[in-house]
Amino acid sequence: MGGSDESVKYELSQTAYIKLVLHALKHPSSAVNGILVGRLSSDNATVQISDAMPVSHSACALLPPLEIALTQAEEYYSKAGELNVVGYYHANERYDDSELGPAARRIGDHIFRYFPQAAVLLLDNKKLDGLIKGKGRDPAVMLFTRDSSKAWRQVGSEHTSQLVLKEPSAHSLLADHITSKKWLEIVDFEDHLDDISKDWVNPNLFK
């Protein structure tokens with residue numbers, strides 16, 4: 001398959017959405033990134049993003065650590081079921097930076113080679129700030145897909161029909177987690193490399 005297909009929808013689970021937002025909130029003055037895991041629906045019409053695996057909060061431009069994380073993620077989820085790496089998420093360091101930078105595009109290209117419907121989600125820092133203040137109900141992420149010219153472009157900028165939250169309760173639950181500072185508990189791959197006792201799959205985060 002070639003570039004992105006505008007008929008393909010992207011369905012973001014509550015778990016994946018909350019985890020990537022909490023990861024960004026834990027490191028508000030740093031760029032953060034992570035892996036999106038899921039599957040393509042049986043009719044090839046929807047990329048179902050079921051989980052997010054936080055990777056880094058200081059080495060976002062470095063591909064080697066991410067490649068190790070990608071390999072481990074594939075091994076973990078291939079054992080857990082028919083799930084694969086389907087995309088990547090990124091939060092820029094600066095509050096006013098809403099551009100998908102070269103490093104994020106390069107990582108997106110890497111994943112695209114294995115999954116042509118790959119999604120890149122860029123955190124919208126202004127909407128993220130609104131969530132913290134209890135304002136706004138729109139997803140705090142922007143969807144980018146790769147077009148036929150091999151360029152990553154934002155889709156659904158005027159509406160979010162191509163990207164939907166699977167569970168309507170996601171924002172209410174996220175608000176509760178923000179109030180309780182749940183982000184303090186989330187672990188990324190970089191934390192895991194510093195202390196291997198920390199599980200970057202975060203299996204008990206919501207238990």
# chains A, B, ... in the order shown; residues from 1 in each chain; ligands from 1

call {"tool": "select_by_dssp", "arguments": {"residues": "chain A", "states": "strand (DSSP E or B)", "output": "PyMOL selection string"}}
result
chain A and resi 9-12+32-40+46-56+84-91+119-123+141-146+152-155+163-165

call {"tool": "select_by_dssp", "arguments": {"residues": "region 19-170 of chain A", "states": "helix (DSSP H, G or I)", "output": "VMD selection string"}}
result
chain A and resid 19 to 26 63 to 80 102 to 112 125 to 132 170

call {"tool": "write_last_selection", "arguments": {"atoms": "N, CA and C atoms", "output": "short mmCIF file (atom, residue, chain, number, x, y, z; two decimals), in the first residue's frame"}}
result
data_model
loop_
_atom_site.label_atom_id
_atom_site.label_comp_id
_atom_site.auth_asym_id
_atom_site.auth_seq_id
_atom_site.Cartn_x
_atom_site.Cartn_y
_atom_site.Cartn_z
N LYS A 19 -2.98 7.71 28.79
CA LYS A 19 -1.56 7.45 29.05
C LYS A 19 -0.66 8.46 28.35
N LEU A 20 -0.95 8.80 27.10
CA LEU A 20 -0.07 9.74 26.41
C LEU A 20 -0.21 11.15 26.98
N VAL A 21 -1.41 11.52 27.43
CA VAL A 21 -1.59 12.83 28.06
C VAL A 21 -0.86 12.88 29.40
N LEU A 22 -0.98 11.83 30.20
CA LEU A 22 -0.29 11.79 31.49
C LEU A 22 1.22 11.84 31.31
N HIS A 23 1.73 11.20 30.27
CA HIS A 23 3.16 11.22 29.99
C HIS A 23 3.62 12.66 29.72
N ALA A 24 2.84 13.38 28.93
CA ALA A 24 3.18 14.77 28.63
C ALA A 24 3.09 15.64 29.89
N LEU A 25 2.10 15.38 30.73
CA LEU A 25 1.93 16.18 31.95
C LEU A 25 3.05 15.93 32.95
N LYS A 26 3.62 14.73 32.95
CA LYS A 26 4.69 14.42 33.88
C LYS A 26 5.96 15.20 33.56
N LEU A 63 16.98 7.85 17.37
CA LEU A 63 16.27 6.69 16.85
C LEU A 63 16.69 5.37 17.50
N PRO A 64 17.99 5.15 17.80
CA PRO A 64 18.38 3.85 18.37
C PRO A 64 17.59 3.43 19.62
N PRO A 65 17.42 4.30 20.65
CA PRO A 65 16.63 3.87 21.80
C PRO A 65 15.19 3.54 21.42
N LEU A 66 14.66 4.28 20.46
CA LEU A 66 13.29 4.03 20.04
C LEU A 66 13.19 2.70 19.32
N GLU A 67 14.21 2.36 18.52
CA GLU A 67 14.18 1.08 17.82
C GLU A 67 14.20 -0.08 18.80
N ILE A 68 14.96 0.06 19.90
CA ILE A 68 14.97 -0.97 20.94
C ILE A 68 13.57 -1.08 21.56
N ALA A 69 12.98 0.09 21.85
CA ALA A 69 11.63 0.11 22.43
C ALA A 69 10.62 -0.51 21.47
N LEU A 70 10.73 -0.21 20.18
CA LEU A 70 9.83 -0.77 19.18
C LEU A 70 9.92 -2.29 19.15
N THR A 71 11.15 -2.81 19.19
CA THR A 71 11.36 -4.25 19.17
C THR A 71 10.73 -4.90 20.39
N GLN A 72 10.95 -4.30 21.57
CA GLN A 72 10.39 -4.86 22.78
C GLN A 72 8.86 -4.78 22.78
N ALA A 73 8.33 -3.68 22.25
CA ALA A 73 6.87 -3.53 22.17
C ALA A 73 6.27 -4.59 21.26
N GLU A 74 6.89 -4.82 20.12
CA GLU A 74 6.39 -5.83 19.18
C GLU A 74 6.40 -7.21 19.83
N GLU A 75 7.50 -7.52 20.54
CA GLU A 75 7.60 -8.83 21.18
C GLU A 75 6.55 -8.99 22.27
N TYR A 76 6.35 -7.94 23.06
CA TYR A 76 5.38 -7.99 24.15
C TYR A 76 3.96 -8.19 23.63
N TYR A 77 3.59 -7.38 22.65
CA TYR A 77 2.20 -7.42 22.20
C TYR A 77 1.91 -8.58 21.25
N SER A 78 2.94 -9.10 20.59
CA SER A 78 2.71 -10.28 19.75
C SER A 78 2.38 -11.49 20.62
N LYS A 79 2.91 -11.49 21.85
CA LYS A 79 2.59 -12.57 22.79
C LYS A 79 1.22 -12.34 23.41
N ALA A 80 0.88 -11.06 23.61
CA ALA A 80 -0.38 -10.74 24.28
C ALA A 80 -1.60 -10.88 23.36
N PRO A 102 11.24 17.52 12.41
CA PRO A 102 11.96 16.51 11.61
C PRO A 102 12.15 15.17 12.33
N ALA A 103 12.44 15.21 13.65
CA ALA A 103 12.66 13.96 14.39
C ALA A 103 11.39 13.13 14.42
N ALA A 104 10.25 13.78 14.69
CA ALA A 104 8.97 13.07 14.75
C ALA A 104 8.61 12.50 13.37
N ARG A 105 8.88 13.27 12.32
CA ARG A 105 8.59 12.80 10.97
C ARG A 105 9.46 11.60 10.61
N ARG A 106 10.71 11.65 11.03
CA ARG A 106 11.63 10.55 10.73
C ARG A 106 11.19 9.26 11.44
N ILE A 107 10.76 9.40 12.68
CA ILE A 107 10.28 8.23 13.42
C ILE A 107 8.98 7.71 12.79
N GLY A 108 8.12 8.63 12.38
CA GLY A 108 6.91 8.25 11.68
C GLY A 108 7.21 7.47 10.41
N ASP A 109 8.22 7.92 9.67
CA ASP A 109 8.63 7.23 8.44
C ASP A 109 9.10 5.81 8.75
N HIS A 110 9.81 5.67 9.87
CA HIS A 110 10.31 4.36 10.27
C HIS A 110 9.16 3.39 10.52
N ILE A 111 8.13 3.84 11.21
CA ILE A 111 6.97 2.99 11.51
C ILE A 111 6.14 2.74 10.25
N PHE A 112 6.05 3.75 9.39
CA PHE A 112 5.28 3.65 8.15
C PHE A 112 5.77 2.50 7.26
N ASN A 125 -0.53 21.49 22.84
CA ASN A 125 -0.21 22.01 24.17
C ASN A 125 -1.26 22.99 24.69
N LYS A 126 -1.89 23.73 23.81
CA LYS A 126 -2.90 24.69 24.26
C LYS A 126 -4.15 23.96 24.75
N LYS A 127 -4.56 22.93 24.01
CA LYS A 127 -5.71 22.14 24.46
C LYS A 127 -5.37 21.36 25.72
N LEU A 128 -4.11 20.93 25.83
CA LEU A 128 -3.66 20.24 27.02
C LEU A 128 -3.75 21.15 28.23
N ASP A 129 -3.38 22.39 28.05
CA ASP A 129 -3.49 23.38 29.13
C ASP A 129 -4.96 23.58 29.52
N GLY A 130 -5.84 23.54 28.52
CA GLY A 130 -7.27 23.68 28.80
C GLY A 130 -7.80 22.52 29.61
N LEU A 131 -7.30 21.31 29.32
CA LEU A 131 -7.73 20.14 30.09
C LEU A 131 -7.31 20.28 31.55
N ILE A 132 -6.10 20.77 31.78
CA ILE A 132 -5.61 20.95 33.14
C ILE A 132 -6.50 21.92 33.90
N ALA A 170 -13.78 9.30 28.32
CA ALA A 170 -12.34 9.50 28.45
C ALA A 170 -11.98 10.82 29.13
#

call {"tool": "closest_residue", "arguments": {"among": "A:Pro54, A:His27, A:Asp97, A:Val37", "to": "Leu83 (chain A)", "atoms": "only C-alpha atoms"}}
result
A:Val37

call {"tool": "residues_around", "arguments": {"residues": "Phe144 (chain A)", "least_positions_apart": "3", "cutoff": "8 Å", "atoms": "only C-alpha atoms", "output": "list in words"}}
result
Ala119, Val120, Leu121, Leu122, Trp152, Arg153, Gln154 and Val155 of chain A

call {"tool": "closest_residue", "arguments": {"among": "A:Leu184, A:Ala52, A:Val32, A:Leu40", "to": "Asn92 (chain A)", "atoms": "only C-alpha atoms"}}
result
A:Val32

call {"tool": "atom_distance", "arguments": {"atom1": "CA of Leu123 (chain A)", "atom2": "CA of Arg146 (chain A)"}}
result
17.4 Å

call {"tool": "closest_residue", "arguments": {"among": "A:Lys133, A:Pro28, A:Lys207, A:Pro139", "to": "Thr179 (chain A)", "atoms": "only C-alpha atoms"}}
result
A:Lys133

call {"tool": "atom_distance", "arguments": {"atom1": "CA of Asp43 (chain A)", "atom2": "CA of Tyr10 (chain A)"}}
result
13.3 Å

call {"tool": "closest_residue", "arguments": {"among": "A:Val47, A:Val8, A:Val55, A:Ile35", "to": "Asp191 (chain A)", "atoms": "only C-alpha atoms"}}
result
A:Val55

call {"tool": "closest_residue", "arguments": {"among": "A:Ser50, A:Ser148, A:Ser58, A:Asn44", "to": "Ile18 (chain A)", "atoms": "only C-alpha atoms"}}
result
A:Ser50

call {"tool": "residues_around", "arguments": {"residues": "Ala45 (chain A)", "least_positions_apart": "4", "cutoff": "7 Å", "atoms": "only C-alpha atoms", "output": "ChimeraX atom specification"}}
result
/A:7-9,41
